[in-house]
$ cat structure37.pdb   # PDB, C-alpha atoms
ATOM      1  CA  MET D   1     -25.109  20.289 -26.507
ATOM      2  CA  LYS D   2     -24.516  17.730 -29.244
ATOM      3  CA  GLY D   3     -22.624  19.335 -32.101
ATOM      4  CA  ASP D   4     -20.850  21.983 -30.020
ATOM      5  CA  ARG D   5     -17.198  22.053 -30.916
ATOM      6  CA  VAL D   6     -13.957  23.807 -30.120
ATOM      7  CA  GLU D   7     -11.115  24.211 -32.606
ATOM      8  CA  ILE D   8      -7.602  24.662 -31.251
ATOM      9  CA  VAL D   9      -4.791  25.936 -33.494
ATOM     10  CA  VAL D  10      -1.357  25.098 -32.093
ATOM     11  CA  ASP D  11       2.141  26.227 -33.123
ATOM     12  CA  ALA D  12       4.062  23.056 -33.982
ATOM     13  CA  GLY D  13       7.435  24.627 -34.744
ATOM     14  CA  ASP D  14       7.608  25.165 -38.490
ATOM     15  CA  THR D  15       3.869  24.675 -39.067
ATOM     16  CA  THR D  16       0.521  24.850 -37.297
ATOM     17  CA  ARG D  17      -1.807  22.035 -36.357
ATOM     18  CA  THR D  18      -5.544  22.200 -35.845
ATOM     19  CA  TYR D  19      -7.386  19.996 -33.372
ATOM     20  CA  GLU D  20     -11.135  19.689 -32.759
ATOM     21  CA  VAL D  21     -13.041  18.550 -29.697
ATOM     22  CA  VAL D  22     -16.706  17.854 -30.492
ATOM     23  CA  ALA D  23     -19.663  17.029 -28.232
ATOM     24  CA  SER D  24     -20.398  13.744 -29.969
ATOM     25  CA  ARG D  25     -23.610  12.638 -28.244
ATOM     26  CA  ALA D  26     -26.818  14.213 -26.970
ATOM     27  CA  GLY D  27     -26.476  15.761 -23.526
ATOM     28  CA  ARG D  28     -22.757  16.371 -23.790
ATOM     29  CA  ARG D  29     -21.022  19.716 -23.899
ATOM     30  CA  VAL D  30     -17.510  21.038 -24.458
ATOM     31  CA  GLU D  31     -15.803  23.063 -21.726
ATOM     32  CA  THR D  32     -12.561  25.032 -21.897
ATOM     33  CA  ALA D  33     -10.276  26.053 -19.054
ATOM     34  CA  VAL D  34      -6.907  27.769 -18.809
ATOM     35  CA  ARG D  35      -4.973  26.777 -15.689
ATOM     36  CA  ARG D  36      -1.311  27.170 -14.795
ATOM     37  CA  GLY D  37      -0.128  27.626 -18.376
ATOM     38  CA  VAL D  38      -2.217  24.781 -19.798
ATOM     39  CA  VAL D  39      -5.290  25.074 -22.019
ATOM     40  CA  GLU D  40      -7.667  22.194 -21.305
ATOM     41  CA  VAL D  41     -10.641  21.357 -23.551
ATOM     42  CA  SER D  42     -12.975  18.625 -22.255
ATOM     43  CA  GLU D  43     -16.089  16.824 -23.457
ATOM     44  CA  VAL D  44     -18.384  16.539 -20.436
ATOM     45  CA  THR D  45     -21.618  14.593 -19.793
ATOM     46  CA  ARG D  46     -24.751  16.034 -18.167
ATOM     47  CA  SER D  47     -23.665  14.704 -14.792
ATOM     48  CA  GLY D  48     -20.257  16.390 -15.083
ATOM     49  CA  SER D  49     -18.154  13.328 -15.863
ATOM     50  CA  VAL D  50     -15.289  14.047 -18.238
ATOM     51  CA  VAL D  51     -15.362  11.797 -21.318
ATOM     52  CA  ARG D  52     -12.144  13.005 -22.942
ATOM     53  CA  THR D  53      -9.708  15.857 -22.523
ATOM     54  CA  ALA D  54      -7.201  17.601 -24.776
ATOM     55  CA  ARG D  55      -4.386  19.581 -23.122
ATOM     56  CA  PHE D  56      -2.074  22.091 -24.771
ATOM     57  CA  MET D  57       0.652  24.411 -23.505
ATOM     58  CA  ALA D  58      -0.856  27.904 -23.429
ATOM     59  CA  THR D  59       2.287  29.418 -24.964
ATOM     60  CA  ARG D  60       1.811  27.227 -28.063
ATOM     61  CA  VAL D  61      -1.913  27.913 -28.606
ATOM     62  CA  LEU D  62      -2.454  30.425 -31.421
ATOM     63  CA  ALA D  63      -6.264  30.337 -31.538
ATOM     64  CA  LEU D  64      -9.121  28.804 -29.584
ATOM     65  CA  VAL D  65     -12.429  28.984 -31.453
ATOM     66  CA  GLU D  66     -15.659  27.924 -29.742
ATOM     67  CA  GLN D  67     -18.412  27.057 -32.221
ATOM     68  CA  PRO D  68     -21.739  26.412 -30.513
ATOM     69  CA  VAL D  69     -24.622  24.807 -32.371
ATOM     70  CA  PRO D  70     -27.256  27.433 -33.256
ATOM     71  CA  ARG D  71     -30.121  27.069 -30.800
ATOM     72  CA  GLU D  72     -33.725  28.176 -31.137
ATOM     73  CA  ASP D  73     -35.016  30.222 -28.249
ATOM     74  CA  ALA D  74     -38.670  30.390 -27.198
ATOM     75  CA  SER D  75     -39.419  33.601 -29.145
ATOM     76  CA  GLU D  76     -38.166  32.066 -32.405
ATOM     77  CA  ARG D  77     -40.307  28.968 -31.875
ATOM     78  CA  THR D  78     -43.498  30.977 -31.325
ATOM     79  CA  LEU D  79     -42.709  33.164 -34.355
ATOM     80  CA  ALA D  80     -42.172  30.075 -36.512
ATOM     81  CA  ALA D  81     -45.441  28.547 -35.208
ATOM     82  CA  ASP D  82     -47.314  31.767 -36.037
ATOM     83  CA  LEU D  83     -45.900  31.792 -39.569
ATOM     84  CA  ASP D  84     -46.934  28.168 -40.167
ATOM     85  CA  SER D  85     -50.593  28.818 -39.357
TER      86      SER D  85
END
$ encode --input "structure37.pdb" --output "C-alpha cells"
Amino acid sequence: MKGDRVEIVVDAGDTTRTYEVVASRAGRRVETAVRRGVVEVSEVTRSGSVVRTARFMATRVLALVEQPVPREDASERTLAADLDS
C-alpha cells in the first residue's frame, strides 16, 4: 500500500546507518525476506514485479522496523458514517 515503509538500521563499523524502503506509488507494497544470511527488502507492484531491492548482511542488521500506513477497516467506516449523520 502506498506509504508503507521499512526502516533498516545497519552496523557500519564505528557507527550505524539507517535506510528506508518506501512504497512510493499506489498499488505497491514493501516485502521483507531473510534468506541464507541476507535480509532483502523489496518494493513490489500489484502484479508481483520487483521495482527495487535493498540487501543487507543479516549479521550487520541491528533493527528492521516495518511501518504500515494506518488503514480503515469496514467497521470504522460505518462508525464514522453514523457519526456524520
$ closest_residue --input "structure37.pdb" --among "D:Leu64, D:Val69, D:Ala12, D:Val6" --to "Glu31 of chain D" --atoms "only C-alpha atoms"
D:Val6
$ resolve_selection --input "structure37.pdb" --expression "the PyMOL selection byres ((chain D and resi 23) around 7)" --output "list in words"
Met1, Lys2, Gly3, Asp4, Arg5, Val21, Val22, Ser24, Arg25, Arg28, Arg29, Val30 and Glu43 of chain D
$ atom_distance --input "structure37.pdb" --atom1 "atom CA of Arg35 of chain D" --atom2 "atom CA of Glu7 of chain D"
18.2 Å
$ resolve_selection --input "structure37.pdb" --expression "the PyMOL selection byres ((chain D and resi 63) around 12)" --output "count of residues only"
21
$ closest_residue --input "structure37.pdb" --among "D:Glu40, D:Pro68, D:Thr15, D:Ala33" --to "Arg52 of chain D" --atoms "all atoms listed in the file"
D:Glu40
$ closest_residue --input "structure37.pdb" --among "D:Gln67, D:Thr32, D:Gly37, D:Asp14" --to "Val50 of chain D" --atoms "only C-alpha atoms"
D:Thr32
$ atom_distance --input "structure37.pdb" --atom1 "atom CA of Val34 of chain D" --atom2 "atom CA of Gly48 of chain D"
17.9 Å
$ axis_aligned_box --input "structure37.pdb" --around "segment 10-16 of chain D" --padding-each-side "5 Å" --output "AutoDock Vina command-line options"
--center_x 3.1 --center_y 24.6 --center_z -35.6 --size_x 19.0 --size_y 13.2 --size_z 17.0
$ closest_residue --input "structure37.pdb" --among "D:Pro70, D:Ser42, D:Gly13, D:Ser47" --to "Gly27 of chain D" --atoms "only C-alpha atoms"
D:Ser47
$ build_atoms --input "structure37.pdb" --residues "segment 44-55 of chain D" --atoms "all heavy atoms" --output "mmCIF file, in the coordinates of the input"
data_model
loop_
_atom_site.group_PDB
_atom_site.id
_atom_site.type_symbol
_atom_site.label_atom_id
_atom_site.label_comp_id
_atom_site.auth_asym_id
_atom_site.auth_seq_id
_atom_site.Cartn_x
_atom_site.Cartn_y
_atom_site.Cartn_z
ATOM 1 N N VAL D 44 -17.812 16.836 -21.748
ATOM 2 C CA VAL D 44 -18.384 16.539 -20.436
ATOM 3 C C VAL D 44 -19.827 16.071 -20.594
ATOM 4 O O VAL D 44 -20.576 16.603 -21.417
ATOM 5 C CB VAL D 44 -18.335 17.800 -19.540
ATOM 6 C CG1 VAL D 44 -18.889 17.522 -18.168
ATOM 7 C CG2 VAL D 44 -16.927 18.333 -19.451
ATOM 8 N N THR D 45 -20.240 15.084 -19.781
ATOM 9 C CA THR D 45 -21.618 14.593 -19.793
ATOM 10 C C THR D 45 -22.502 15.514 -18.960
ATOM 11 O O THR D 45 -22.019 16.423 -18.300
ATOM 12 C CB THR D 45 -21.716 13.172 -19.214
ATOM 13 O OG1 THR D 45 -21.306 13.214 -17.849
ATOM 14 C CG2 THR D 45 -20.859 12.196 -19.987
ATOM 15 N N ARG D 46 -23.807 15.245 -18.973
ATOM 16 C CA ARG D 46 -24.751 16.034 -18.167
ATOM 17 C C ARG D 46 -24.402 16.010 -16.689
ATOM 18 O O ARG D 46 -24.563 16.986 -15.976
ATOM 19 C CB ARG D 46 -26.172 15.486 -18.328
ATOM 20 C CG ARG D 46 -26.824 15.871 -19.592
ATOM 21 C CD ARG D 46 -28.282 15.409 -19.582
ATOM 22 N NE ARG D 46 -28.878 15.674 -20.861
ATOM 23 C CZ ARG D 46 -29.473 14.775 -21.612
ATOM 24 N NH1 ARG D 46 -29.576 13.536 -21.194
ATOM 25 N NH2 ARG D 46 -29.976 15.101 -22.774
ATOM 26 N N SER D 47 -23.963 14.851 -16.215
ATOM 27 C CA SER D 47 -23.665 14.704 -14.792
ATOM 28 C C SER D 47 -22.315 15.305 -14.402
ATOM 29 O O SER D 47 -21.978 15.347 -13.220
ATOM 30 C CB SER D 47 -23.694 13.229 -14.404
ATOM 31 O OG SER D 47 -22.683 12.527 -15.101
ATOM 32 N N GLY D 48 -21.540 15.766 -15.380
ATOM 33 C CA GLY D 48 -20.257 16.390 -15.083
ATOM 34 C C GLY D 48 -19.059 15.484 -15.228
ATOM 35 O O GLY D 48 -17.934 15.894 -14.951
ATOM 36 N N SER D 49 -19.270 14.242 -15.658
ATOM 37 C CA SER D 49 -18.154 13.328 -15.863
ATOM 38 C C SER D 49 -17.415 13.690 -17.147
ATOM 39 O O SER D 49 -18.021 13.905 -18.188
ATOM 40 C CB SER D 49 -18.646 11.886 -15.983
ATOM 41 O OG SER D 49 -19.358 11.521 -14.829
ATOM 42 N N VAL D 50 -16.098 13.720 -17.073
ATOM 43 C CA VAL D 50 -15.289 14.047 -18.238
ATOM 44 C C VAL D 50 -15.127 12.794 -19.103
ATOM 45 O O VAL D 50 -14.727 11.737 -18.616
ATOM 46 C CB VAL D 50 -13.912 14.583 -17.812
ATOM 47 C CG1 VAL D 50 -13.036 14.831 -19.021
ATOM 48 C CG2 VAL D 50 -14.082 15.853 -16.998
ATOM 49 N N VAL D 51 -15.466 12.915 -20.388
ATOM 50 C CA VAL D 51 -15.362 11.797 -21.318
ATOM 51 C C VAL D 51 -13.970 11.757 -21.928
ATOM 52 O O VAL D 51 -13.329 10.708 -21.988
ATOM 53 C CB VAL D 51 -16.432 11.905 -22.437
ATOM 54 C CG1 VAL D 51 -16.279 10.803 -23.449
ATOM 55 C CG2 VAL D 51 -17.811 11.914 -21.831
ATOM 56 N N ARG D 52 -13.494 12.913 -22.398
ATOM 57 C CA ARG D 52 -12.144 13.005 -22.942
ATOM 58 C C ARG D 52 -11.650 14.430 -22.787
ATOM 59 O O ARG D 52 -12.429 15.370 -22.702
ATOM 60 C CB ARG D 52 -12.095 12.559 -24.395
ATOM 61 C CG ARG D 52 -12.944 13.363 -25.318
ATOM 62 C CD ARG D 52 -13.013 12.727 -26.699
ATOM 63 N NE ARG D 52 -13.961 13.462 -27.509
ATOM 64 C CZ ARG D 52 -13.687 13.933 -28.704
ATOM 65 N NH1 ARG D 52 -12.509 13.734 -29.229
ATOM 66 N NH2 ARG D 52 -14.598 14.584 -29.382
ATOM 67 N N THR D 53 -10.325 14.559 -22.745
ATOM 68 C CA THR D 53 -9.708 15.857 -22.523
ATOM 69 C C THR D 53 -8.528 16.032 -23.459
ATOM 70 O O THR D 53 -7.776 15.093 -23.702
ATOM 71 C CB THR D 53 -9.205 15.977 -21.069
ATOM 72 O OG1 THR D 53 -10.316 15.811 -20.195
ATOM 73 C CG2 THR D 53 -8.565 17.313 -20.798
ATOM 74 N N ALA D 54 -8.378 17.236 -23.980
ATOM 75 C CA ALA D 54 -7.201 17.601 -24.776
ATOM 76 C C ALA D 54 -6.484 18.710 -24.022
ATOM 77 O O ALA D 54 -7.111 19.672 -23.582
ATOM 78 C CB ALA D 54 -7.622 18.074 -26.157
ATOM 79 N N ARG D 55 -5.167 18.578 -23.847
ATOM 80 C CA ARG D 55 -4.386 19.581 -23.122
ATOM 81 C C ARG D 55 -3.278 20.115 -24.021
ATOM 82 O O ARG D 55 -2.612 19.347 -24.709
ATOM 83 C CB ARG D 55 -3.766 18.966 -21.870
ATOM 84 C CG ARG D 55 -4.756 18.623 -20.824
ATOM 85 C CD ARG D 55 -4.049 18.135 -19.558
ATOM 86 N NE ARG D 55 -5.023 17.762 -18.564
ATOM 87 C CZ ARG D 55 -5.386 16.516 -18.325
ATOM 88 N NH1 ARG D 55 -4.838 15.530 -18.988
ATOM 89 N NH2 ARG D 55 -6.291 16.250 -17.405
#
